[in-house]
file protein-v5.tsv (TSV, C-alpha atoms)
chain	number	residue	atom	x	y	z
A	1	MET	CA	-31.23	-6.78	-59.87
A	2	ARG	CA	-32.40	-3.64	-58.14
A	3	ILE	CA	-34.65	-5.63	-55.81
A	4	LYS	CA	-31.73	-7.87	-54.84
A	5	SER	CA	-29.66	-4.80	-53.96
A	6	TYR	CA	-32.39	-3.35	-51.75
A	7	THR	CA	-32.96	-6.72	-50.11
A	8	TYR	CA	-29.25	-7.06	-49.45
A	9	ILE	CA	-29.06	-3.55	-47.92
A	10	ILE	CA	-32.11	-4.12	-45.72
A	11	LEU	CA	-30.74	-7.47	-44.58
A	12	MET	CA	-27.37	-5.88	-43.69
A	13	LEU	CA	-29.05	-3.02	-41.80
A	14	PHE	CA	-31.18	-5.51	-39.88
A	15	ILE	CA	-28.13	-7.55	-38.90
A	16	LEU	CA	-26.10	-4.47	-38.05
A	17	PHE	CA	-28.62	-2.53	-35.95
A	18	LEU	CA	-31.15	-4.98	-34.61
A	19	SER	CA	-29.05	-7.94	-33.56
A	20	PRO	CA	-27.20	-7.76	-30.23
A	21	SER	CA	-23.47	-7.95	-30.56
A	22	GLU	CA	-20.56	-8.12	-28.15
A	23	LEU	CA	-18.63	-5.98	-30.58
A	24	TYR	CA	-20.61	-2.89	-29.70
A	25	PRO	CA	-20.44	-1.39	-26.21
A	26	GLN	CA	-23.73	-1.34	-24.34
A	27	ASN	CA	-23.01	1.91	-22.47
A	28	LYS	CA	-20.57	4.82	-22.39
A	29	LYS	CA	-18.48	3.29	-19.59
A	30	ASP	CA	-17.48	0.50	-21.96
A	31	LEU	CA	-16.02	3.09	-24.33
A	32	LEU	CA	-13.56	4.37	-21.70
A	33	PRO	CA	-10.19	2.66	-21.30
A	34	LYS	CA	-9.90	0.44	-18.26
A	35	ALA	CA	-7.81	1.97	-15.46
A	36	SER	CA	-4.88	-0.13	-14.41
A	37	PRO	CA	-5.06	-1.23	-10.77
A	38	GLN	CA	-3.07	0.96	-8.43
A	39	LYS	CA	-0.22	-0.49	-6.44
A	40	LEU	CA	0.33	0.03	-2.71
A	41	ALA	CA	2.96	2.75	-2.31
A	42	LEU	CA	4.99	3.57	0.80
A	43	VAL	CA	5.51	7.34	0.80
A	44	CYS	CA	7.13	7.81	4.22
A	45	ALA	CA	8.85	5.57	6.76
A	46	THR	CA	10.77	6.92	9.72
A	47	MET	CA	11.86	6.18	13.27
A	48	CYS	CA	10.90	8.70	15.95
A	49	GLU	CA	10.68	9.32	19.70
A	50	GLY	CA	6.94	9.75	19.73
A	51	MET	CA	3.70	10.55	17.95
A	52	ASN	CA	1.72	13.77	18.02
A	53	GLY	CA	-1.66	12.60	16.78
A	54	LEU	CA	-0.67	10.76	13.61
A	55	LEU	CA	2.49	12.78	13.02
A	56	PRO	CA	5.95	11.60	14.09
A	57	PHE	CA	8.09	13.94	16.18
A	58	ASN	CA	11.80	13.92	16.99
A	59	LYS	CA	12.79	11.76	14.04
A	60	ALA	CA	16.20	10.18	14.60
A	61	ILE	CA	18.44	7.18	14.07
A	62	ILE	CA	20.03	7.22	17.55
A	63	PHE	CA	17.79	7.03	20.62
A	64	SER	CA	18.65	7.31	24.31
A	65	ILE	CA	17.82	4.35	26.52
A	66	ASN	CA	16.27	6.93	28.88
A	67	LYS	CA	13.38	7.53	26.44
A	68	GLY	CA	12.19	3.97	27.06
A	69	LYS	CA	10.29	3.68	23.78
A	70	VAL	CA	10.79	4.14	20.04
A	71	TYR	CA	8.24	4.34	17.20
A	72	CYS	CA	8.23	3.25	13.56
A	73	PHE	CA	5.91	5.48	11.49
A	74	THR	CA	4.74	4.51	7.97
A	75	SER	CA	2.47	6.30	5.52
A	76	PHE	CA	0.97	4.88	2.30
A	77	ASN	CA	-0.59	6.62	-0.71
A	78	PRO	CA	-2.35	5.11	-2.54
A	79	VAL	CA	-3.84	2.18	-0.69
A	80	PRO	CA	-5.89	0.46	-3.42
A	81	GLU	CA	-7.73	-1.95	-1.09
A	82	LYS	CA	-8.09	-2.94	2.56
A	83	THR	CA	-4.97	-4.86	3.45
A	84	PHE	CA	-2.26	-5.05	6.07
A	85	ILE	CA	1.43	-4.38	6.37
A	86	LEU	CA	4.00	-5.81	8.75
A	87	HIS	CA	6.68	-4.20	10.92
A	88	TYR	CA	9.43	-6.70	11.70
A	89	TRP	CA	11.58	-5.45	14.62
A	90	TYR	CA	15.12	-6.90	14.77
A	91	TYR	CA	17.75	-6.52	17.48
A	92	ARG	CA	21.26	-7.57	16.41
A	93	ASP	CA	19.73	-9.48	13.46
A	94	LYS	CA	17.38	-11.45	15.73
A	95	LEU	CA	13.64	-11.05	15.14
A	96	ILE	CA	12.15	-9.65	18.35
A	97	THR	CA	8.56	-9.01	17.28
A	98	ARG	CA	6.30	-8.89	14.24
A	99	ILE	CA	3.48	-6.35	14.28
A	100	LYS	CA	0.57	-6.58	11.83
A	101	LEU	CA	-1.05	-3.22	10.99
A	102	HIS	CA	-4.27	-2.86	8.97
A	103	ILE	CA	-4.50	-0.11	6.34
A	104	LYS	CA	-7.45	1.16	4.28
A	105	PRO	CA	-8.04	3.17	1.08
A	106	PRO	CA	-7.45	5.74	-0.21
A	107	ARG	CA	-4.36	6.52	1.95
A	108	TRP	CA	-3.31	5.52	5.44
A	109	SER	CA	-0.70	6.27	8.10
A	110	THR	CA	0.11	3.97	10.97
A	111	TYR	CA	2.84	3.16	13.47
A	112	SER	CA	4.14	0.56	15.85
A	113	SER	CA	6.38	0.90	18.89
A	114	ILE	CA	8.42	-1.08	21.35
A	115	LYS	CA	9.57	-0.45	24.90
A	116	PHE	CA	13.19	-1.25	25.60
A	117	ARG	CA	15.33	-2.17	28.59
A	118	GLU	CA	18.93	-1.58	29.51
A	119	ALA	CA	19.89	-4.83	27.76
A	120	ASP	CA	18.49	-3.53	24.45
A	121	LYS	CA	21.36	-1.14	23.70
A	122	GLY	CA	22.87	-1.63	20.28
A	123	PRO	CA	21.86	-1.87	16.62
A	124	TRP	CA	18.23	-2.32	15.62
A	125	ARG	CA	16.28	-2.39	12.39
A	126	VAL	CA	12.65	-2.43	11.33
A	127	GLU	CA	11.65	-4.03	8.05
A	128	VAL	CA	8.36	-2.76	6.61
A	129	ALA	CA	6.71	-5.45	4.48
A	130	ASP	CA	3.51	-5.83	2.49
A	131	LYS	CA	1.03	-8.69	3.03
A	132	ASN	CA	3.06	-10.91	0.67
A	133	GLY	CA	6.24	-10.44	2.70
A	134	ASN	CA	7.91	-8.12	0.17
A	135	ILE	CA	10.22	-5.73	2.04
A	136	LEU	CA	9.22	-2.16	1.19
A	137	LYS	CA	11.77	-0.39	3.41
A	138	THR	CA	14.43	-1.15	6.02
A	139	LEU	CA	14.98	1.40	8.80
A	140	ARG	CA	18.14	1.14	10.90
A	141	PHE	CA	18.64	2.80	14.27
A	142	SER	CA	20.56	2.40	17.54
A	143	ILE	CA	19.75	2.52	21.23
A	144	THR	CA	22.53	4.13	23.33
A	145	ASP	CA	23.10	5.57	26.81

call {"tool": "encode", "arguments": {"input": "protein-v5.tsv", "output": "structure tokens"}}
result
Amino acid sequence: MRIKSYTYIILMLFILFLSPSELYPQNKKDLLPKASPQKLALVCATMCEGMNGLLPFNKAIIFSINKGKVYCFTSFNPVPEKTFILHYWYYRDKLITRIKLHIKPPRWSTYSSIKFREADKGPWRVEVADKNGNILKTLRFSITD
């Protein structure tokens, strides 16, 4: 009886410690919980008269036609992977242009701009969208005298 007990214990130890098993992690990294993938996050979106390096200046919602140009600035943190975003520029609910802007991890700021003419006075909007077309933010502004 005693020999059977020792044989049983040795057999169990052999199975437990010497056989590979998917139940036991092979290294310490496997013991750590898996991090959930981060999601692209828009942290700032604004309309402005110009850019000073990568910083917007003279943020506004009403722009004089005399300026000749307006900028849409966007900043993302985090950016989990290389991807792109889109700036859809609308004048009186008509799509004027679509600008594709590439962004990279870990965070990224970018902008697009348009030049306008006398005929461009009135209401405008820019829709900021991710690569799947999901609208992240809508910015409304006007061009006046």

call {"tool": "closest_residue", "arguments": {"input": "protein-v5.tsv", "among": "A:Arg92, A:Lys100, A:Lys67, A:Arg107", "to": "Pro80 in chain A", "atoms": "all atoms listed in the file"}}
result
A:Arg107

call {"tool": "residues_around", "arguments": {"input": "protein-v5.tsv", "residues": "Tyr71 in chain A", "least_positions_apart": "5", "cutoff": "12 Å", "atoms": "all atoms listed in the file", "output": "PyMOL selection string"}}
result
chain A and resi 45-52+54-61+63+87+89+110-116+125-126+139+141

call {"tool": "atom_distance", "arguments": {"input": "protein-v5.tsv", "atom1": "CA of His102 in chain A", "atom2": "CA of Ala41 in chain A"}}
result
14.5 Å

call {"tool": "atom_distance", "arguments": {"input": "protein-v5.tsv", "atom1": "CA of Pro123 in chain A", "atom2": "CA of Arg140 in chain A"}}
result
7.5 Å

call {"tool": "closest_residue", "arguments": {"input": "protein-v5.tsv", "among": "A:Ile65, A:Thr144, A:Leu42, A:Trp124", "to": "Ile96 in chain A", "atoms": "all atoms listed in the file"}}
result
A:Trp124

call {"tool": "residues_around", "arguments": {"input": "protein-v5.tsv", "residues": "Gly133 in chain A", "least_positions_apart": "6", "cutoff": "12 Å", "atoms": "all atoms listed in the file", "output": "list of chain:residue names"}}
result
A:Phe84, A:Ile85, A:Leu86, A:His87, A:Tyr88, A:Arg98, A:Lys100, A:Glu127

call {"tool": "atom_distance", "arguments": {"input": "protein-v5.tsv", "atom1": "CA of Gly53 in chain A", "atom2": "CA of Pro105 in chain A"}}
result
19.4 Å

call {"tool": "closest_residue", "arguments": {"input": "protein-v5.tsv", "among": "A:Val70, A:Pro78, A:Asp130, A:Gly122", "to": "Asp93 in chain A", "atoms": "all atoms listed in the file"}}
result
A:Gly122

call {"tool": "closest_residue", "arguments": {"input": "protein-v5.tsv", "among": "A:Thr74, A:Ser109, A:Ser142, A:Thr97", "to": "Val128 in chain A", "atoms": "only C-alpha atoms"}}
result
A:Thr74

call {"tool": "build_atoms", "arguments": {"input": "protein-v5.tsv", "residues": "range 84-103 of chain A", "atoms": "N, CA and C atoms", "output": "CSV table (one decimal), in the frame of the given file"}}
result
chain,number,residue,atom,x,y,z
A,84,PHE,N,-3.1,-5.3,4.9
A,84,PHE,CA,-2.3,-5.0,6.1
A,84,PHE,C,-0.8,-5.0,5.6
A,85,ILE,N,0.0,-4.4,6.5
A,85,ILE,CA,1.4,-4.4,6.4
A,85,ILE,C,2.0,-5.0,7.6
A,86,LEU,N,3.3,-5.2,7.6
A,86,LEU,CA,4.0,-5.8,8.8
A,86,LEU,C,5.2,-5.0,9.1
A,87,HIS,N,5.4,-4.8,10.4
A,87,HIS,CA,6.7,-4.2,10.9
A,87,HIS,C,7.4,-5.3,11.6
A,88,TYR,N,8.6,-5.7,11.1
A,88,TYR,CA,9.4,-6.7,11.7
A,88,TYR,C,10.5,-5.9,12.5
A,89,TRP,N,10.6,-6.1,13.8
A,89,TRP,CA,11.6,-5.4,14.6
A,89,TRP,C,12.7,-6.4,14.9
A,90,TYR,N,13.9,-6.1,14.6
A,90,TYR,CA,15.1,-6.9,14.8
A,90,TYR,C,16.1,-6.2,15.7
A,91,TYR,N,16.7,-7.0,16.6
A,91,TYR,CA,17.8,-6.5,17.5
A,91,TYR,C,18.9,-7.4,17.2
A,92,ARG,N,20.1,-6.8,16.8
A,92,ARG,CA,21.3,-7.6,16.4
A,92,ARG,C,20.9,-8.8,15.5
A,93,ASP,N,20.1,-8.5,14.5
A,93,ASP,CA,19.7,-9.5,13.5
A,93,ASP,C,18.9,-10.6,14.0
A,94,LYS,N,18.3,-10.5,15.2
A,94,LYS,CA,17.4,-11.4,15.7
A,94,LYS,C,16.0,-10.8,15.8
A,95,LEU,N,15.0,-11.5,15.2
A,95,LEU,CA,13.6,-11.0,15.1
A,95,LEU,C,13.1,-11.0,16.6
A,96,ILE,N,12.7,-9.8,17.0
A,96,ILE,CA,12.2,-9.6,18.4
A,96,ILE,C,10.6,-9.7,18.3
A,97,THR,N,10.0,-9.0,17.4
A,97,THR,CA,8.6,-9.0,17.3
A,97,THR,C,8.1,-8.7,15.8
A,98,ARG,N,6.9,-9.2,15.5
A,98,ARG,CA,6.3,-8.9,14.2
A,98,ARG,C,5.0,-8.3,14.5
A,99,ILE,N,4.7,-7.1,14.0
A,99,ILE,CA,3.5,-6.4,14.3
A,99,ILE,C,2.7,-6.2,13.0
A,100,LYS,N,1.5,-6.7,13.0
A,100,LYS,CA,0.6,-6.6,11.8
A,100,LYS,C,-0.3,-5.3,12.0
A,101,LEU,N,-0.3,-4.5,11.0
A,101,LEU,CA,-1.0,-3.2,11.0
A,101,LEU,C,-2.0,-3.2,9.8
A,102,HIS,N,-3.3,-2.9,10.0
A,102,HIS,CA,-4.3,-2.9,9.0
A,102,HIS,C,-4.3,-1.5,8.4
A,103,ILE,N,-4.4,-1.4,7.0
A,103,ILE,CA,-4.5,-0.1,6.3
A,103,ILE,C,-5.7,-0.1,5.4
